[in-house]
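Participant: What follows is target23.cif; its format and atoms are mmCIF, N, CA and C atoms.
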data_final
#
loop_
_atom_site.group_PDB
_atom_site.id
_atom_site.type_symbol
_atom_site.label_atom_id
_atom_site.label_comp_id
_atom_site.auth_asym_id
_atom_site.auth_seq_id
_atom_site.Cartn_x
_atom_site.Cartn_y
_atom_site.Cartn_z
ATOM 1 N N MET A 1 8.848 -64.429 33.998
ATOM 2 C CA MET A 1 7.728 -64.788 33.147
ATOM 3 C C MET A 1 7.057 -66.048 33.693
ATOM 4 N N THR A 2 5.766 -66.025 33.746
ATOM 5 C CA THR A 2 5.007 -67.150 34.272
ATOM 6 C C THR A 2 4.362 -67.922 33.123
ATOM 7 N N LYS A 3 4.584 -69.219 33.119
ATOM 8 C CA LYS A 3 4.013 -70.111 32.113
ATOM 9 C C LYS A 3 2.585 -70.471 32.529
ATOM 10 N N THR A 4 1.713 -70.764 31.562
ATOM 11 C CA THR A 4 0.376 -71.266 31.864
ATOM 12 C C THR A 4 0.245 -72.665 31.272
ATOM 13 N N PHE A 5 -0.045 -73.636 32.139
ATOM 14 C CA PHE A 5 -0.270 -75.002 31.688
ATOM 15 C C PHE A 5 -1.650 -75.106 31.045
ATOM 16 N N ASP A 6 -1.866 -76.183 30.268
ATOM 17 C CA ASP A 6 -3.198 -76.458 29.723
ATOM 18 C C ASP A 6 -4.169 -76.719 30.865
ATOM 19 N N GLU A 7 -5.438 -76.390 30.654
ATOM 20 C CA GLU A 7 -6.462 -76.632 31.677
ATOM 21 C C GLU A 7 -6.545 -78.117 32.010
ATOM 22 N N MET A 8 -6.886 -78.410 33.258
ATOM 23 C CA MET A 8 -7.122 -79.789 33.668
ATOM 24 C C MET A 8 -8.449 -79.875 34.402
ATOM 25 N N ASP A 9 -9.051 -81.045 34.374
ATOM 26 C CA ASP A 9 -10.266 -81.334 35.122
ATOM 27 C C ASP A 9 -9.852 -81.766 36.531
ATOM 28 N N PRO A 10 -10.645 -81.455 37.564
ATOM 29 C CA PRO A 10 -10.270 -81.834 38.935
ATOM 30 C C PRO A 10 -10.034 -83.342 39.131
ATOM 31 N N TRP A 11 -10.643 -84.176 38.294
ATOM 32 C CA TRP A 11 -10.488 -85.620 38.426
ATOM 33 C C TRP A 11 -9.125 -86.104 37.948
ATOM 34 N N GLU A 12 -8.485 -85.349 37.054
ATOM 35 C CA GLU A 12 -7.214 -85.754 36.452
ATOM 36 C C GLU A 12 -6.053 -85.661 37.442
ATOM 37 N N ASN A 13 -4.970 -86.359 37.114
ATOM 38 C CA ASN A 13 -3.757 -86.298 37.942
ATOM 39 C C ASN A 13 -2.518 -86.199 37.047
ATOM 40 N N PRO A 14 -2.355 -85.062 36.371
ATOM 41 C CA PRO A 14 -1.244 -84.930 35.424
ATOM 42 C C PRO A 14 0.108 -84.792 36.126
ATOM 43 N N VAL A 15 1.149 -85.000 35.335
ATOM 44 C CA VAL A 15 2.507 -84.687 35.760
ATOM 45 C C VAL A 15 2.870 -83.381 35.063
ATOM 46 N N ILE A 16 3.273 -82.388 35.842
ATOM 47 C CA ILE A 16 3.679 -81.115 35.250
ATOM 48 C C ILE A 16 5.206 -81.068 35.208
ATOM 49 N N GLU A 17 5.728 -80.342 34.232
ATOM 50 C CA GLU A 17 7.179 -80.285 34.016
ATOM 51 C C GLU A 17 7.691 -78.857 34.121
ATOM 52 N N PHE A 18 8.834 -78.722 34.767
ATOM 53 C CA PHE A 18 9.569 -77.462 34.816
ATOM 54 C C PHE A 18 10.919 -77.715 34.162
ATOM 55 N N ASP A 19 11.226 -76.975 33.106
ATOM 56 C CA ASP A 19 12.434 -77.204 32.313
ATOM 57 C C ASP A 19 13.473 -76.124 32.621
ATOM 58 N N PHE A 20 14.633 -76.564 33.091
ATOM 59 C CA PHE A 20 15.714 -75.637 33.415
ATOM 60 C C PHE A 20 16.877 -75.752 32.420
ATOM 61 N N ALA A 21 16.662 -76.458 31.300
ATOM 62 C CA ALA A 21 17.707 -76.602 30.286
ATOM 63 C C ALA A 21 18.133 -75.224 29.781
ATOM 64 N N GLY A 22 19.400 -75.079 29.544
ATOM 65 C CA GLY A 22 19.927 -73.797 29.083
ATOM 66 C C GLY A 22 20.343 -72.879 30.216
ATOM 67 N N GLU A 23 19.866 -73.172 31.439
ATOM 68 C CA GLU A 23 20.262 -72.365 32.600
ATOM 69 C C GLU A 23 21.001 -73.187 33.645
ATOM 70 N N LEU A 24 20.622 -74.451 33.779
ATOM 71 C CA LEU A 24 21.310 -75.354 34.697
ATOM 72 C C LEU A 24 21.753 -76.578 33.901
ATOM 73 N N ALA A 25 23.003 -76.992 34.091
ATOM 74 C CA ALA A 25 23.507 -78.175 33.386
ATOM 75 C C ALA A 25 22.711 -79.412 33.790
ATOM 76 N N ALA A 26 22.318 -79.447 35.026
ATOM 77 C CA ALA A 26 21.480 -80.516 35.589
ATOM 78 C C ALA A 26 20.845 -79.940 36.842
ATOM 79 N N VAL A 27 19.859 -80.626 37.367
ATOM 80 C CA VAL A 27 19.231 -80.211 38.622
ATOM 81 C C VAL A 27 19.633 -81.218 39.686
ATOM 82 N N ASP A 28 20.237 -80.713 40.765
ATOM 83 C CA ASP A 28 20.633 -81.577 41.885
ATOM 84 C C ASP A 28 19.518 -81.682 42.921
ATOM 85 N N THR A 29 18.897 -80.541 43.218
ATOM 86 C CA THR A 29 17.820 -80.507 44.205
ATOM 87 C C THR A 29 16.698 -79.624 43.676
ATOM 88 N N ALA A 30 15.472 -79.958 44.077
ATOM 89 C CA ALA A 30 14.321 -79.161 43.650
ATOM 90 C C ALA A 30 13.189 -79.329 44.652
ATOM 91 N N VAL A 31 12.369 -78.311 44.720
ATOM 92 C CA VAL A 31 11.160 -78.366 45.529
ATOM 93 C C VAL A 31 10.060 -77.636 44.764
ATOM 94 N N VAL A 32 8.850 -78.208 44.792
ATOM 95 C CA VAL A 32 7.693 -77.607 44.121
ATOM 96 C C VAL A 32 6.701 -77.158 45.190
ATOM 97 N N GLU A 33 6.217 -75.917 45.047
ATOM 98 C CA GLU A 33 5.233 -75.351 45.967
ATOM 99 C C GLU A 33 3.991 -74.982 45.162
ATOM 100 N N VAL A 34 2.822 -75.011 45.824
ATOM 101 C CA VAL A 34 1.583 -74.641 45.142
ATOM 102 C C VAL A 34 0.700 -73.828 46.081
ATOM 103 N N THR A 35 0.079 -72.782 45.520
ATOM 104 C CA THR A 35 -0.890 -71.974 46.258
ATOM 105 C C THR A 35 -2.081 -71.710 45.343
ATOM 106 N N PRO A 36 -3.275 -71.664 45.842
ATOM 107 C CA PRO A 36 -3.635 -72.038 47.211
ATOM 108 C C PRO A 36 -3.603 -73.554 47.384
ATOM 109 N N GLY A 37 -3.602 -74.001 48.593
ATOM 110 C CA GLY A 37 -3.729 -75.430 48.860
ATOM 111 C C GLY A 37 -2.542 -76.074 49.517
ATOM 112 N N GLY A 38 -1.358 -75.775 49.074
ATOM 113 C CA GLY A 38 -0.174 -76.331 49.695
ATOM 114 C C GLY A 38 0.169 -77.743 49.256
ATOM 115 N N PRO A 39 1.106 -78.371 49.967
ATOM 116 C CA PRO A 39 1.661 -79.661 49.548
ATOM 117 C C PRO A 39 0.675 -80.819 49.509
ATOM 118 N N GLU A 40 -0.478 -80.698 50.165
ATOM 119 C CA GLU A 40 -1.444 -81.798 50.127
ATOM 120 C C GLU A 40 -2.034 -82.002 48.729
ATOM 121 N N LEU A 41 -1.809 -81.052 47.807
ATOM 122 C CA LEU A 41 -2.275 -81.198 46.431
ATOM 123 C C LEU A 41 -1.285 -81.982 45.567
ATOM 124 N N LEU A 42 -0.073 -82.177 46.079
ATOM 125 C CA LEU A 42 0.978 -82.844 45.324
ATOM 126 C C LEU A 42 1.022 -84.323 45.675
ATOM 127 N N ASP A 43 1.251 -85.146 44.674
ATOM 128 C CA ASP A 43 1.315 -86.593 44.870
ATOM 129 C C ASP A 43 2.780 -87.008 44.986
ATOM 130 N N GLY A 44 3.292 -87.001 46.209
ATOM 131 C CA GLY A 44 4.689 -87.357 46.448
ATOM 132 C C GLY A 44 5.633 -86.203 46.177
ATOM 133 N N VAL A 45 6.924 -86.515 46.178
ATOM 134 C CA VAL A 45 7.946 -85.502 45.934
ATOM 135 C C VAL A 45 8.206 -85.397 44.439
ATOM 136 N N CYS A 46 8.785 -84.289 44.032
ATOM 137 C CA CYS A 46 9.102 -84.104 42.621
ATOM 138 C C CYS A 46 10.224 -85.056 42.211
ATOM 139 N N GLN A 47 10.253 -85.362 40.927
ATOM 140 C CA GLN A 47 11.288 -86.222 40.353
ATOM 141 C C GLN A 47 12.172 -85.366 39.458
ATOM 142 N N ILE A 48 13.461 -85.673 39.441
ATOM 143 C CA ILE A 48 14.434 -84.911 38.661
ATOM 144 C C ILE A 48 15.022 -85.811 37.588
ATOM 145 N N SER A 49 15.101 -85.280 36.367
ATOM 146 C CA SER A 49 15.757 -85.982 35.271
ATOM 147 C C SER A 49 16.542 -84.960 34.469
ATOM 148 N N GLY A 50 17.854 -84.987 34.588
ATOM 149 C CA GLY A 50 18.698 -84.014 33.897
ATOM 150 C C GLY A 50 18.393 -82.615 34.374
ATOM 151 N N ALA A 51 17.918 -81.758 33.447
ATOM 152 C CA ALA A 51 17.574 -80.377 33.792
ATOM 153 C C ALA A 51 16.064 -80.199 33.924
ATOM 154 N N GLY A 52 15.327 -81.312 34.025
ATOM 155 C CA GLY A 52 13.876 -81.243 34.164
ATOM 156 C C GLY A 52 13.414 -81.675 35.543
ATOM 157 N N VAL A 53 12.346 -81.031 36.007
ATOM 158 C CA VAL A 53 11.722 -81.381 37.287
ATOM 159 C C VAL A 53 10.264 -81.715 36.994
ATOM 160 N N TYR A 54 9.811 -82.850 37.534
ATOM 161 C CA TYR A 54 8.470 -83.364 37.255
ATOM 162 C C TYR A 54 7.706 -83.565 38.554
ATOM 163 N N GLN A 55 6.441 -83.136 38.569
ATOM 164 C CA GLN A 55 5.616 -83.256 39.768
ATOM 165 C C GLN A 55 4.227 -83.744 39.387
ATOM 166 N N ARG A 56 3.786 -84.845 40.028
ATOM 167 C CA ARG A 56 2.425 -85.349 39.797
ATOM 168 C C ARG A 56 1.467 -84.629 40.747
ATOM 169 N N ILE A 57 0.262 -84.324 40.213
ATOM 170 C CA ILE A 57 -0.803 -83.683 40.982
ATOM 171 C C ILE A 57 -1.773 -84.767 41.438
ATOM 172 N N LYS A 58 -2.272 -84.672 42.665
ATOM 173 C CA LYS A 58 -3.241 -85.657 43.164
ATOM 174 C C LYS A 58 -4.572 -85.531 42.427
ATOM 175 N N SER A 59 -5.137 -86.678 42.115
ATOM 176 C CA SER A 59 -6.452 -86.720 41.487
ATOM 177 C C SER A 59 -7.510 -86.248 42.481
ATOM 178 N N GLU A 60 -8.445 -85.460 42.010
ATOM 179 C CA GLU A 60 -9.575 -84.945 42.787
ATOM 180 C C GLU A 60 -9.158 -84.071 43.974
ATOM 181 N N ALA A 61 -7.952 -83.535 43.946
ATOM 182 C CA ALA A 61 -7.484 -82.692 45.045
ATOM 183 C C ALA A 61 -7.745 -81.209 44.791
ATOM 184 N N MET A 62 -7.938 -80.849 43.532
ATOM 185 C CA MET A 62 -8.097 -79.437 43.185
ATOM 186 C C MET A 62 -9.558 -79.104 42.906
ATOM 187 N N THR A 63 -9.870 -77.826 42.951
ATOM 188 C CA THR A 63 -11.236 -77.341 42.798
ATOM 189 C C THR A 63 -11.412 -76.651 41.460
ATOM 190 N N ALA A 64 -12.478 -76.996 40.749
ATOM 191 C CA ALA A 64 -12.775 -76.357 39.471
ATOM 192 C C ALA A 64 -12.988 -74.859 39.666
ATOM 193 N N GLY A 65 -12.518 -74.084 38.702
ATOM 194 C CA GLY A 65 -12.674 -72.634 38.750
ATOM 195 C C GLY A 65 -11.518 -71.906 39.410
ATOM 196 N N VAL A 66 -10.520 -72.652 39.872
ATOM 197 C CA VAL A 66 -9.376 -72.045 40.556
ATOM 198 C C VAL A 66 -8.144 -72.117 39.653
ATOM 199 N N ASN A 67 -7.359 -71.051 39.638
ATOM 200 C CA ASN A 67 -6.059 -71.043 38.971
ATOM 201 C C ASN A 67 -5.001 -71.233 40.050
ATOM 202 N N TYR A 68 -4.300 -72.356 40.002
ATOM 203 C CA TYR A 68 -3.281 -72.674 40.998
ATOM 204 C C TYR A 68 -1.919 -72.189 40.509
ATOM 205 N N ARG A 69 -1.141 -71.626 41.424
ATOM 206 C CA ARG A 69 0.191 -71.119 41.090
ATOM 207 C C ARG A 69 1.233 -72.080 41.637
ATOM 208 N N PHE A 70 2.085 -72.561 40.754
ATOM 209 C CA PHE A 70 3.178 -73.453 41.134
ATOM 210 C C PHE A 70 4.501 -72.714 41.034
ATOM 211 N N ARG A 71 5.380 -72.976 42.003
ATOM 212 C CA ARG A 71 6.755 -72.463 41.971
ATOM 213 C C ARG A 71 7.690 -73.649 42.134
ATOM 214 N N CYS A 72 8.656 -73.739 41.251
ATOM 215 C CA CYS A 72 9.654 -74.790 41.346
ATOM 216 C C CYS A 72 11.009 -74.127 41.561
ATOM 217 N N LYS A 73 11.631 -74.448 42.689
ATOM 218 C CA LYS A 73 12.956 -73.923 43.016
ATOM 219 C C LYS A 73 13.961 -75.054 42.794
ATOM 220 N N ALA A 74 14.930 -74.806 41.900
ATOM 221 C CA ALA A 74 15.900 -75.838 41.541
ATOM 222 C C ALA A 74 17.320 -75.300 41.713
ATOM 223 N N ALA A 75 18.236 -76.217 42.016
ATOM 224 C CA ALA A 75 19.629 -75.826 42.199
ATOM 225 C C ALA A 75 20.561 -76.868 41.601
ATOM 226 N N HIS A 76 21.700 -76.364 41.132
ATOM 227 C CA HIS A 76 22.814 -77.205 40.682
ATOM 228 C C HIS A 76 24.064 -76.543 41.239
ATOM 229 N N GLY A 77 24.641 -77.159 42.264
ATOM 230 C CA GLY A 77 25.776 -76.529 42.935
ATOM 231 C C GLY A 77 25.344 -75.209 43.556
ATOM 232 N N LEU A 78 26.047 -74.139 43.206
ATOM 233 C CA LEU A 78 25.718 -72.811 43.733
ATOM 234 C C LEU A 78 24.685 -72.074 42.887
ATOM 235 N N ASP A 79 24.354 -72.615 41.719
ATOM 236 C CA ASP A 79 23.392 -71.976 40.815
ATOM 237 C C ASP A 79 21.966 -72.327 41.229
ATOM 238 N N LYS A 80 21.144 -71.298 41.404
ATOM 239 C CA LYS A 80 19.742 -71.494 41.807
ATOM 240 C C LYS A 80 18.832 -70.779 40.817
ATOM 241 N N ARG A 81 17.723 -71.450 40.453
ATOM 242 C CA ARG A 81 16.745 -70.868 39.535
ATOM 243 C C ARG A 81 15.338 -71.180 40.026
ATOM 244 N N VAL A 82 14.380 -70.341 39.610
ATOM 245 C CA VAL A 82 12.974 -70.536 39.974
ATOM 246 C C VAL A 82 12.133 -70.435 38.711
ATOM 247 N N ARG A 83 11.156 -71.316 38.595
ATOM 248 C CA ARG A 83 10.158 -71.256 37.533
ATOM 249 C C ARG A 83 8.791 -71.160 38.209
ATOM 250 N N SER A 84 7.883 -70.412 37.611
ATOM 251 C CA SER A 84 6.517 -70.371 38.123
ATOM 252 C C SER A 84 5.562 -70.648 36.975
ATOM 253 N N ALA A 85 4.405 -71.205 37.329
ATOM 254 C CA ALA A 85 3.417 -71.546 36.323
ATOM 255 C C ALA A 85 2.021 -71.534 36.952
ATOM 256 N N ILE A 86 1.042 -71.252 36.117
ATOM 257 C CA ILE A 86 -0.357 -71.261 36.521
ATOM 258 C C ILE A 86 -1.012 -72.495 35.917
ATOM 259 N N LEU A 87 -1.779 -73.217 36.740
ATOM 260 C CA LEU A 87 -2.546 -74.378 36.269
ATOM 261 C C LEU A 87 -4.026 -74.066 36.468
ATOM 262 N N PRO A 88 -4.760 -73.774 35.377
ATOM 263 C CA PRO A 88 -6.191 -73.528 35.495
ATOM 264 C C PRO A 88 -6.945 -74.852 35.599
ATOM 265 N N VAL A 89 -7.818 -74.958 36.584
ATOM 266 C CA VAL A 89 -8.607 -76.174 36.785
ATOM 267 C C VAL A 89 -10.055 -75.854 36.447
ATOM 268 N N ARG A 90 -10.605 -76.618 35.503
ATOM 269 C CA ARG A 90 -11.965 -76.396 35.023
ATOM 270 C C ARG A 90 -12.645 -77.753 34.846
ATOM 271 N N ASP A 91 -13.962 -77.794 35.065
ATOM 272 C CA ASP A 91 -14.707 -79.016 34.767
ATOM 273 C C ASP A 91 -14.704 -79.233 33.261
ATOM 274 N N ALA A 92 -14.434 -80.462 32.844
ATOM 275 C CA ALA A 92 -14.399 -80.785 31.406
ATOM 276 C C ALA A 92 -15.821 -80.825 30.853
#
Could the structure of this file be written out as structure tokens, please?

Facilitator:
Amino acid sequence: MTKTFDEMDPWENPVIEFDFAGELAAVDTAVVEVTPGGPELLDGVCQISGAGVYQRIKSEAMTAGVNYRFRCKAAHGLDKRVRSAILPVRDA
């Protein structure tokens, strides 16, 4: 199942969250991918807190009218999980 985040304006730089609670006791490692555009749309590496993964988006890096697809791959020991989400970007 793919989650849809609230719309954002291209000027904004929100932090998006991927929640793995209930499936992973904690997250040891994680990586966030985005298409179209790739890693240049991300502001630094993702941050991990417990079973949550947080990723800041670069301000003015995205284009209005595009729905960006994010995938977050997280692991705790041998357990691996993936979350995907759509971020619609629209002019406010």

Participant: I need the residues in chain A that are strand (DSSP E) according to DSSP; give them as a PyMOL selection string.

Facilitator: chain A and resi 2-4+15-19+29-35+47-49+52-56+67-76+79-88

Participant: Identify, on the basis of all atoms listed in the file, every residue whose closest approach to Tyr68 (chain A) does not exceed 8 Å; exclude the query and any residue fewer than 3 positions from it along the same chain; express the result as a list in words.

Facilitator: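 So the residues in contact are Val34, Thr35, Pro36, Gly37, Gly65, Arg71, Ala85, Ile86, Leu87, Pro88 and Val89 of chain A.
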
Participant: For each of A:Ala25, A:Lys73, A:Asp79, A:Leu42, take the minimum atom-to-atom distance to Arg56 (chain A), counting all atoms listed in the file, then give the residue where this is smallest.

Facilitator: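 Using all atoms listed in the file, the shortest distance to Arg56 (chain A) belongs to A:Leu42.
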
Participant: Can you turn the PyMOL selection byres (((chain A and resi 80 and name CA) around 12) and name CA) into a concrete residue list for this file, as a PyMOL selection string?

Facilitator: chain A and resi 20+23-31+72-79+81-83

Participant: As JSON, what would the box around region 20-37 of chain A look like: edges along x, y and z, 8 Å added on every side, centre and edge lengths in Å to one decimal?

Facilitator:
{"center_x": 9.9, "center_y": -76.7, "center_z": 39.3, "size_x": 43.2, "size_y": 26.0, "size_z": 36.4}

Participant: On this file, the PyMOL selection byres (((chain A and resi 92 and name CA) around 7) and name CA) gives some set of residues; write that set as a list in words.

Facilitator: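 Taken on the displayed file, the PyMOL selection byres (((chain A and resi 92 and name CA) around 7) and name CA) yields the residues Asp9, Arg90 and Asp91 of chain A.
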
Participant: Deliver the residues from the most recent selection as a file, using N, CA and C atoms, as a PDB file, keeping the file's coordinate frame.

Facilitator:
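Ended up saving to again-v2.pdb:
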ATOM      1  N   ASP A   9      -9.051 -81.045  34.374  1.00  0.00           N
ATOM      2  CA  ASP A   9     -10.266 -81.334  35.122  1.00  0.00           C
ATOM      3  C   ASP A   9      -9.852 -81.766  36.531  1.00  0.00           C
ATOM      4  N   ARG A  90     -10.605 -76.618  35.503  1.00  0.00           N
ATOM      5  CA  ARG A  90     -11.965 -76.396  35.023  1.00  0.00           C
ATOM      6  C   ARG A  90     -12.645 -77.753  34.846  1.00  0.00           C
ATOM      7  N   ASP A  91     -13.962 -77.794  35.065  1.00  0.00           N
ATOM      8  CA  ASP A  91     -14.707 -79.016  34.767  1.00  0.00           C
ATOM      9  C   ASP A  91     -14.704 -79.233  33.261  1.00  0.00           C
TER      10      ASP A  91
END

Participant: Closest to Ser59 (chain A) among A:Lys3, A:Cys46, A:Glu17, A:Leu41, using only N, CA and C atoms?

Facilitator: A:Leu41

Participant: What is the distance, in Å and to one decimal place, between CA of Gly38 (chain A) and CA of Gly50 (chain A)?

Facilitator: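 Going from CA of Gly38 (chain A) over to CA of Gly50 (chain A), I get 25.8 Å.
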
Participant: Distance CA of Phe70 (chain A)-CA of Thr4 (chain A), one decimal place?

Facilitator: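 Spanning CA of Phe70 (chain A) to CA of Thr4 (chain A) is a straight-line distance of 9.9 Å.
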
Participant: To one decimal in Å, tell me the separation between CA of Glu12 (chain A) and atom N of Arg69 (chain A).

Facilitator: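 Spanning CA of Glu12 (chain A) to atom N of Arg69 (chain A) is a straight-line distance of 16.2 Å.
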
Participant: Neighbouring residues of Gly52 (chain A) were defined as those with any atom within 6 Å, considering all atoms listed in the file; residues of the same chain fewer than 2 positions away were excluded. Please report them as a list in words.

Facilitator: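 Surrounding residues, per the criterion: Phe18, Asp19, Phe20, Ala21, Val27, Gln47, Ile48, Ser49, Gly50 and Tyr54 of chain A.
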